[in-house]
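**Student:** upload.cif is reproduced below (mmCIF, C-alpha atoms, pLDDT in the B column; chains and numbers go by the auth columns).
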```cif
data_model
#
loop_
_atom_site.group_PDB
_atom_site.id
_atom_site.type_symbol
_atom_site.label_atom_id
_atom_site.label_comp_id
_atom_site.label_asym_id
_atom_site.label_seq_id
_atom_site.Cartn_x
_atom_site.Cartn_y
_atom_site.Cartn_z
_atom_site.B_iso_or_equiv
_atom_site.auth_seq_id
_atom_site.auth_asym_id
ATOM 1 C CA MET A 1 0.000 0.000 0.000 51.00 1 A
ATOM 2 C CA MET A 2 2.808 2.410 0.943 50.00 2 A
ATOM 3 C CA ARG A 3 4.601 1.577 -2.304 52.00 3 A
ATOM 4 C CA ALA A 4 1.477 2.409 -4.338 49.00 4 A
ATOM 5 C CA ALA A 5 1.108 5.780 -2.577 47.00 5 A
ATOM 6 C CA ALA A 6 4.751 6.624 -3.318 45.00 6 A
ATOM 7 C CA LEU A 7 4.297 5.686 -6.956 42.00 7 A
ATOM 8 C CA ILE A 8 1.204 7.863 -7.259 46.00 8 A
ATOM 9 C CA SER A 9 3.065 10.789 -5.661 45.00 9 A
ATOM 10 C CA VAL A 10 5.969 10.468 -8.094 43.00 10 A
ATOM 11 C CA ALA A 11 3.554 10.224 -11.028 46.00 11 A
ATOM 12 C CA GLY A 12 1.772 13.343 -9.830 48.00 12 A
ATOM 13 C CA LEU A 13 5.032 15.273 -9.567 45.00 13 A
ATOM 14 C CA SER A 14 6.172 14.194 -13.007 45.00 14 A
ATOM 15 C CA ALA A 15 2.929 15.567 -14.426 47.00 15 A
ATOM 16 C CA CYS A 16 3.833 18.964 -12.958 47.00 16 A
ATOM 17 C CA VAL A 17 7.280 18.880 -14.547 47.00 17 A
ATOM 18 C CA GLY A 18 5.840 18.196 -17.990 45.00 18 A
ATOM 19 C CA ALA A 19 3.248 20.969 -17.745 47.00 19 A
ATOM 20 C CA GLN A 20 3.859 24.178 -19.641 46.00 20 A
ATOM 21 C CA ARG A 21 5.287 26.998 -17.609 46.00 21 A
ATOM 22 C CA PRO A 22 3.436 30.309 -17.565 47.00 22 A
ATOM 23 C CA MET A 23 4.024 32.318 -20.703 45.00 23 A
ATOM 24 C CA ALA A 24 6.482 35.150 -20.185 50.00 24 A
ATOM 25 C CA LEU A 25 5.166 38.631 -20.910 47.00 25 A
ATOM 26 C CA ALA A 26 1.726 37.266 -21.774 50.00 26 A
ATOM 27 C CA GLU A 27 -1.442 39.242 -21.990 56.00 27 A
ATOM 28 C CA SER A 28 0.244 42.610 -21.987 62.00 28 A
ATOM 29 C CA GLY A 29 -2.674 44.183 -23.813 76.00 29 A
ATOM 30 C CA PRO A 30 -2.134 46.963 -26.327 91.00 30 A
ATOM 31 C CA VAL A 31 1.043 48.927 -25.599 91.00 31 A
ATOM 32 C CA ALA A 32 2.232 52.022 -27.448 93.00 32 A
ATOM 33 C CA VAL A 33 5.713 51.758 -28.950 93.00 33 A
ATOM 34 C CA GLU A 34 7.680 54.708 -30.338 94.00 34 A
ATOM 35 C CA LEU A 35 10.490 54.057 -32.815 93.00 35 A
ATOM 36 C CA ALA A 36 12.232 56.527 -35.131 91.00 36 A
ATOM 37 C CA GLY A 37 9.439 59.083 -34.758 92.00 37 A
ATOM 38 C CA ARG A 38 6.651 56.620 -35.595 94.00 38 A
ATOM 39 C CA SER A 39 4.002 55.171 -33.300 96.00 39 A
ATOM 40 C CA TYR A 40 3.096 51.495 -33.167 97.00 40 A
ATOM 41 C CA ILE A 41 0.819 49.313 -31.075 96.00 41 A
ATOM 42 C CA ALA A 42 2.100 46.004 -29.685 95.00 42 A
ATOM 43 C CA ASP A 43 -0.416 43.458 -28.438 94.00 43 A
ATOM 44 C CA LEU A 44 1.017 40.286 -26.892 90.00 44 A
ATOM 45 C CA GLN A 45 -1.610 37.629 -26.240 90.00 45 A
ATOM 46 C CA PRO A 46 -1.643 33.956 -25.331 89.00 46 A
ATOM 47 C CA THR A 47 -3.144 31.405 -27.703 88.00 47 A
ATOM 48 C CA GLU A 48 -3.481 27.642 -27.486 90.00 48 A
ATOM 49 C CA ALA A 49 -0.440 27.358 -29.771 87.00 49 A
ATOM 50 C CA GLY A 50 1.641 29.790 -27.682 87.00 50 A
ATOM 51 C CA PRO A 51 2.042 33.568 -27.458 90.00 51 A
ATOM 52 C CA VAL A 52 1.451 35.822 -30.455 92.00 52 A
ATOM 53 C CA LEU A 53 2.715 39.385 -30.748 94.00 53 A
ATOM 54 C CA ALA A 54 0.565 41.535 -33.048 95.00 54 A
ATOM 55 C CA MET A 55 2.177 44.748 -34.304 96.00 55 A
ATOM 56 C CA THR A 56 0.129 47.494 -35.887 97.00 56 A
ATOM 57 C CA ARG A 57 1.058 50.995 -36.904 95.00 57 A
ATOM 58 C CA ASP A 58 -0.776 53.852 -35.251 89.00 58 A
ATOM 59 C CA GLY A 59 -2.721 55.561 -38.019 88.00 59 A
ATOM 60 C CA ALA A 60 -2.031 53.811 -41.339 90.00 60 A
ATOM 61 C CA ALA A 61 -2.141 50.015 -41.476 95.00 61 A
ATOM 62 C CA PHE A 62 0.988 48.054 -42.346 96.00 62 A
ATOM 63 C CA GLY A 63 1.311 46.779 -45.864 96.00 63 A
ATOM 64 C CA ASN A 64 2.255 43.238 -46.820 95.00 64 A
ATOM 65 C CA ASP A 65 5.701 44.540 -47.828 95.00 65 A
ATOM 66 C CA GLU A 66 6.472 46.188 -44.462 95.00 66 A
ATOM 67 C CA GLY A 67 7.442 43.175 -42.385 94.00 67 A
ATOM 68 C CA ALA A 68 10.947 44.508 -41.643 93.00 68 A
ATOM 69 C CA GLU A 69 9.538 47.719 -40.164 95.00 69 A
ATOM 70 C CA ALA A 70 7.037 45.723 -38.100 95.00 70 A
ATOM 71 C CA LYS A 71 9.810 43.449 -36.829 94.00 71 A
ATOM 72 C CA ARG A 72 11.939 46.457 -35.784 95.00 72 A
ATOM 73 C CA ALA A 73 8.951 47.785 -33.825 96.00 73 A
ATOM 74 C CA ALA A 74 8.412 44.317 -32.296 95.00 74 A
ATOM 75 C CA GLU A 75 12.084 44.201 -31.300 94.00 75 A
ATOM 76 C CA ALA A 76 11.695 47.604 -29.616 95.00 76 A
ATOM 77 C CA PHE A 77 8.663 46.349 -27.690 94.00 77 A
ATOM 78 C CA CYS A 78 10.342 43.122 -26.557 93.00 78 A
ATOM 79 C CA GLY A 79 13.604 44.950 -25.837 93.00 79 A
ATOM 80 C CA SER A 80 11.803 47.326 -23.476 92.00 80 A
ATOM 81 C CA ARG A 81 10.960 44.214 -21.441 90.00 81 A
ATOM 82 C CA GLY A 82 14.447 42.723 -21.478 93.00 82 A
ATOM 83 C CA ALA A 83 13.618 40.192 -24.189 92.00 83 A
ATOM 84 C CA ALA A 84 13.768 39.794 -27.973 93.00 84 A
ATOM 85 C CA VAL A 85 11.353 38.645 -30.651 92.00 85 A
ATOM 86 C CA ASN A 86 11.378 34.850 -30.702 85.00 86 A
ATOM 87 C CA ARG A 87 14.053 33.977 -33.306 82.00 87 A
ATOM 88 C CA ALA A 88 12.290 30.736 -34.217 78.00 88 A
ATOM 89 C CA ALA A 89 9.175 32.657 -35.256 76.00 89 A
ATOM 90 C CA TYR A 90 8.628 34.453 -38.497 81.00 90 A
ATOM 91 C CA GLY A 91 6.081 37.147 -39.209 91.00 91 A
ATOM 92 C CA HIS A 92 2.700 36.648 -40.830 94.00 92 A
ATOM 93 C CA TYR A 93 0.766 39.481 -42.424 97.00 93 A
ATOM 94 C CA ALA A 94 -2.928 39.650 -41.579 96.00 94 A
ATOM 95 C CA GLY A 95 -5.201 42.577 -42.395 92.00 95 A
ATOM 96 C CA GLY A 96 -2.859 45.495 -41.702 96.00 96 A
ATOM 97 C CA ALA A 97 -0.981 43.835 -38.823 97.00 97 A
ATOM 98 C CA TRP A 98 2.128 41.706 -38.572 97.00 98 A
ATOM 99 C CA LEU A 99 1.858 38.709 -36.249 96.00 99 A
ATOM 100 C CA PHE A 100 4.910 37.135 -34.634 95.00 100 A
ATOM 101 C CA LYS A 101 4.202 33.674 -33.252 92.00 101 A
ATOM 102 C CA GLY A 102 6.196 32.988 -30.136 89.00 102 A
ATOM 103 C CA GLY A 103 6.020 36.610 -29.021 90.00 103 A
ATOM 104 C CA CYS A 104 8.998 37.744 -26.947 89.00 104 A
ATOM 105 C CA ALA A 105 11.582 35.209 -25.835 83.00 105 A
#
```
Could the structure of this file be written out as structure tokens, please?

**Tutor:**
Amino acid sequence: MMRAAALISVAGLSACVGAQRPMALAESGPVAVELAGRSYIADLQPTEAGPVLAMTRDGAAFGNDEGAEAKRAAEAFCGSRGAAVNRAAYGHYAGGAWLFKGGCA
């Protein structure tokens, strides 16, 4: 009986180890970012697949060809929090915004 209880305890602890840790910098909500005289909005949110950082430009929407500018603004946002845009993620354009899966790492 004691052996079964110990086994259950170890199994319970191993389940905790395998669980995902809380997402860093999650759910920041919209945050204003200033870079080179332009204003941007960063919105870092959790999703089932992991964090996503949405970057929009204040005023005019981003174009599909402006991913580099969006990434510089995302780097400024993450940098202000002691992090960087997740290097494993690449940007996706969606309706005037650039989305960076993985958020800040």

**Student:** For atom CA of A:Asn64 and atom CA of A:Val33, quote the distance in Å rounded to one decimal.

**Tutor:**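 Interatomic distance, atom CA of A:Asn64 to atom CA of A:Val33: 20.1 Å.
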
**Student:** Just to confirm, what's the straight-line distance from atom CA of A:Lys101 to atom CA of A:Ala89 in Å (one decimal)?

**Tutor:**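 Going from atom CA of A:Lys101 over to atom CA of A:Ala89, I get 5.5 Å.
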
**Student:** Under the PyMOL selection byres ((chain A and resi 44-57) around 9), which residues of this model are included? Write them out as a VMD selection string.

**Tutor:** chain A and resid 23 to 31 38 to 43 58 to 62 70 to 71 73 to 74 85 96 to 104

**Student:** Which of these residues is nearest to A:Ala36, using all atoms listed in the file: A:Ala94, A:Gly67, A:Arg72, A:Arg81?

**Tutor:** A:Arg72

**Student:** So how far away is atom CA of A:Ala83 from atom CA of A:Gly95, in Å?

**Tutor:**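 Taking atom CA of A:Gly95 and atom CA of A:Ala83, their separation equals 26.3 Å.
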
**Student:** Skip A:Ala84 itself and residues of its chain fewer than 4 positions away, then list as a compact mmCIF listing (two decimals) with C-alpha atoms, keeping the file's coordinate frame all residues within 7 Å of it, counting only C-alpha atoms.

**Tutor:**
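The result, stored in result.txt:
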```
# COMPACT_ATOMS: atom_id res chain seq x y z
CA GLU A 75 12.08 44.20 -31.30
CA CYS A 78 10.34 43.12 -26.56
CA GLY A 79 13.60 44.95 -25.84
CA CYS A 104 9.00 37.74 -26.95
CA ALA A 105 11.58 35.21 -25.84
```
